[in-house]
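These notes are about the structure you will find just below.
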Amino acid sequence: MEESKDAQSEKKKLSLAPRGKLELKKTVETGQVRQSFSHGRSKTVQVEVKRKRSFVPGQPGEAQARVSGETLGEGNVGGDTDAARHAHVLTKDESARRLKALQGAIKDEEARKLADIEEHRRLDEEQRRRKAEEDRRSAEEARRKTEEEERRRQAEEERRRSDEEMVQRRATEHVKGAKPAVAHPPAGVAVPAKPAVAPVVPAHARVLEPEDEESAARAKRPGLKADVKPKRPPARPAGDERRRAGKITVAQALDDSADDRVRSLAAVKRAREKERLRQLQAAAADQKVIREVVVPETITVQELANRMAERGADVIKSLMKMGVMATINQVIDADTAELIVTEFGHKLKRVAESDVEIGLKGAVDEDANLAPRPPIVTIMGHVDHGKTSLLDALRETDVAKHEAGGITQHIGAYQVVLASGKKITFIDTPGHAAFTEMRARGANVTDIVVLVVAADDSIMAQTVEAIRHAKAANVPIIVAINKIDKADANPDKVRTDLLQYEIQAEQLGGEVQTVEVSATKKLNLDKLEEAILLQAEILDLKANAKRPAEGTVVEAKLDRGRGVVATVLVQRGTLHVGDIVVAGSEWGRVRALTDDRGRKVDDAGPATPVEVLGLNSAPLAGDELLVVENEGRARDVTAFRQQKRRSAAAAATARGTVEQIFSRIAAGEAKELPVVIKADVQGSIEAIAGTLQKLSTDEVAVRILHSGVGGINESDVTLANASRAIVIGFNVRANPQARELARRDGVDIRYYSIIYNVIDDAKAMLGGLLAPTVRERFLGNAQILQVFNISKSGKVAGCRVSEGVVKRGAKVRLLRDNVVVHEGSLKTLKRFKDEVREVKEGFECGMAFENYQDIQPGDTIECFEMEEVARQLA
């Protein structure tokens, strides 16, 4: 700011006039200043600023002038260009005064703006208030006009009603005062003659008849004669049935000749039609139509009334009689609807959402339509025991290899054609996860399990696991003892070790077939195939190929070029291109079928693996594939299954946890505790398993699904998920994949390092399986001193607690002469008009019973509560 001021001061230089005279600029400057006051007022004033002129002695030929408030530069005198410049600097007092003046001006300006804003706000508020007052007055005026119109209308209605009543009263009085008709005399009787001249009555004493009154009134009117009387319609005989035409007047209503009036033809027709309808309704009520009412799981009252063809009000009345307060749009359950339908006398037909799956699989096949089918075999075993090599060796025995130049494995299932022409279908399940997932969904498509055991390693961990899975699937086992070509091979040891897992070979007097093979040397592969065919013959595997196809999804994937591709194993029937299929919660139309060699086929028979293209989404492994008749049925089934799967997914978040096991136990759903045990050494497993088995009783038991040495893997979690079990890890941990799978499926994994902790938790869980014991716990006694009768609360007992404590909400007994006369609960417990939770010994209180009033002074109130005690194993 100071630099700008200096620049301005340099422009104002002291100079000589062209005539050589020394001159200065004006020291007086005039201007206008606008002053602002409160309430938005302002004023413009004229201001003159006088500058002080002073001269400072300087060098010869130079003149300097200083003006108060700014710095003046010096001009050239006599053409001298080396004039010195002296700048005038403001003092502190002057700067302070200027700053203060500037701040005051800013504050005044802000005050003026605030005053303007306040004034505008006040004006707006006043205008809004005036508008609201005008609206209120308008509404009041409209209401007053409406009330006046209503009063005027009521007055007119009252006047009209009074006039009608007066006319009716006059008509009644006239009819009562009429003279009876003169009877005709019998024949031969003389009738006295009437006087010829009527007696003269003075005009002022004569009473005017109604006709005379009307004539007099007409005479007073201009243009009418007094002696002109209105013509009266001639009287008709009593037997005249002609319809009366025209409107009836008051004179006609008072006329005696109107007594012969009859009903019109239209009135007679309306009465006949009304009577006919009444008779029809009565007949319909006597002969009620019995309808078949379809009732789903939930239905609204209106929909139920419509299906029964009954009035909604009648249905609501029936519900109220049953104690159900429901509106016309409220939803009721199927049981309540069944009672209503039965009460109205209709036939009930209950349906459920799951009814869409009824008849989906079709009827059971007759024996005449069954034909033999190839067996479905799954090869399982420990890693490095030759499972893959044995599969490759079995593929080489396929006669089609030599004809087609080899087999390309495209899908997870394939079919081998033997030299004899018979077929065997193999399912390729890497590991045991897929097998267990299919078993968890109830899809046991495997007929035979081939257990591969190395002759040099004997039984290993995954071998035992495979045995567990095969037994859980309830399928026969064929043991293939591989690597017999090695020097240290010992097949007898393998057969002996299998005994501890309840697998007894034929050589040892059992029923399980054992075949010694060598995958690398291709030894005894034909014997293995014969054993498979023999077991299949024993099982008598048959299927009907002439029916809609049914199968199981082995695996499914999303191919970039082909879309959703599902590997399906057809179990019965024949699958054709163009069929509408339902696979789990997905559906679609079969666009193409591809066999295990990659060739397109038009159909696939029983026990044939094919790739199916055309589903709208990828189904899950193990889902059942069915052929339906149309797209509507497919949509209904998939919609129901999707809803069911979403509900199951929502409820499966905590499935298998200890808390849910306890809840299922409390509901009486579980009486056994399934567990999967994994430990670091075999000795720990035996100790834990033996201890858990000893904890079992007649009411509860521990069921060990699987036990093994090593860490917890995905197969253990899958097995526990399929059987709703918990996983016990002793000095071992789960791998990341197993932890993620357990978190996703809600399987509870518990880690222990001390065996006693395992036993304690097992005891607690088994104890939770037992029903709890309910026992009574005494709280205190109270003596009734006085009984008060309160209008709102009934009888209230004034008591003093003599022993223990009395709690609100607890159970109570009323004792009279040491005899229990009532047992119930407390309705209120007060002390000094305040509700309290409890009253201790020695204090007085007021108590009232729930639905009981027969209390007397001197009675004793015993307070107690019921508690459940969890049972524990001995």
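Residues in the structure tokens are named by chain (A, B, ... in the order shown) and by number from 1 within that chain; ligands are numbered from 1 in the order shown.
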
Which of range 301-538 of chain A DSSP labels strand (DSSP E or B), written as a ChimeraX atom specification
/A:331-333,347-350,371-372,376-381,413-417,423-427,448-454,477-482,505,512-516,518,523

Can you tell me which residues surround Gly573 in chain A at a distance of at most 8 Å, considering only C-alpha atoms, apart from same-chain residues fewer than 2 positions away, and format the answer as an mmCIF file with N, CA and C atoms, in the first residue's frame?
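Here's the written file out38.cif:
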```
data_model
loop_
_atom_site.group_PDB
_atom_site.id
_atom_site.type_symbol
_atom_site.label_atom_id
_atom_site.label_comp_id
_atom_site.auth_asym_id
_atom_site.auth_seq_id
_atom_site.Cartn_x
_atom_site.Cartn_y
_atom_site.Cartn_z
ATOM 1 N N ALA A 543 -32.000 -100.212 -16.106
ATOM 2 C CA ALA A 543 -32.635 -98.902 -16.270
ATOM 3 C C ALA A 543 -33.559 -98.950 -17.463
ATOM 4 N N ASN A 544 -34.517 -98.026 -17.494
ATOM 5 C CA ASN A 544 -35.477 -97.917 -18.595
ATOM 6 C C ASN A 544 -35.011 -96.782 -19.507
ATOM 7 N N ALA A 545 -34.716 -97.128 -20.737
ATOM 8 C CA ALA A 545 -34.236 -96.137 -21.697
ATOM 9 C C ALA A 545 -35.377 -95.431 -22.424
ATOM 10 N N LYS A 546 -36.598 -95.959 -22.356
ATOM 11 C CA LYS A 546 -37.718 -95.390 -23.096
ATOM 12 C C LYS A 546 -38.582 -94.531 -22.179
ATOM 13 N N ARG A 547 -37.996 -93.464 -21.678
ATOM 14 C CA ARG A 547 -38.710 -92.542 -20.811
ATOM 15 C C ARG A 547 -37.912 -91.225 -20.771
ATOM 16 N N PRO A 548 -38.498 -90.143 -20.263
ATOM 17 C CA PRO A 548 -37.723 -88.892 -20.152
ATOM 18 C C PRO A 548 -36.480 -89.087 -19.284
ATOM 19 N N ALA A 549 -35.441 -88.398 -19.646
ATOM 20 C CA ALA A 549 -34.141 -88.629 -19.028
ATOM 21 C C ALA A 549 -34.085 -88.063 -17.617
ATOM 22 N N GLU A 550 -33.336 -88.753 -16.774
ATOM 23 C CA GLU A 550 -32.982 -88.301 -15.434
ATOM 24 C C GLU A 550 -31.506 -88.583 -15.237
ATOM 25 N N VAL A 570 -26.269 -89.549 -17.373
ATOM 26 C CA VAL A 570 -27.658 -89.991 -17.473
ATOM 27 C C VAL A 570 -27.810 -91.295 -16.714
ATOM 28 N N GLN A 571 -28.805 -91.354 -15.819
ATOM 29 C CA GLN A 571 -29.017 -92.550 -15.006
ATOM 30 C C GLN A 571 -30.145 -93.416 -15.543
ATOM 31 N N LEU A 575 -31.783 -88.830 -23.054
ATOM 32 C CA LEU A 575 -31.754 -87.382 -23.204
ATOM 33 C C LEU A 575 -31.583 -87.040 -24.677
ATOM 34 N N GLY A 605 -28.183 -92.434 -23.679
ATOM 35 C CA GLY A 605 -28.943 -93.395 -22.901
ATOM 36 C C GLY A 605 -28.462 -93.485 -21.471
ATOM 37 N N PRO A 606 -28.975 -94.482 -20.729
ATOM 38 C CA PRO A 606 -28.579 -94.636 -19.322
ATOM 39 C C PRO A 606 -27.090 -94.931 -19.175
#
```

CA of Leu277 in chain A to CA of Ile328 in chain A, distance in Å rounded to a single decimal
28.9 Å

Tell me, as a VMD selection string, which residues lie within 10 Å of Pro736 in chain A, counting only C-alpha atoms; anything in the same chain fewer than 4 positions away does not count.
chain A and resid 712 to 714 740 to 742

Residues of range 82-137 of chain A classed as alpha helix (DSSP H) by DSSP on the backbone are to be reported as a VMD selection string.
chain A and resid 92 to 137

Contact residues around Thr388 in chain A with only C-alpha atoms at 12 Å, ignoring same-chain residues under 2 positions, as a list in words
Ile379, Met380, Gly381, His382, Val383, Asp384, His385, Gly386, Leu390, Leu391, Asp392, Ala393, Leu394, Arg395, Asp428, Thr429, Pro430, Gly431, Val452, Asn482, Ala519 and Thr520 of chain A
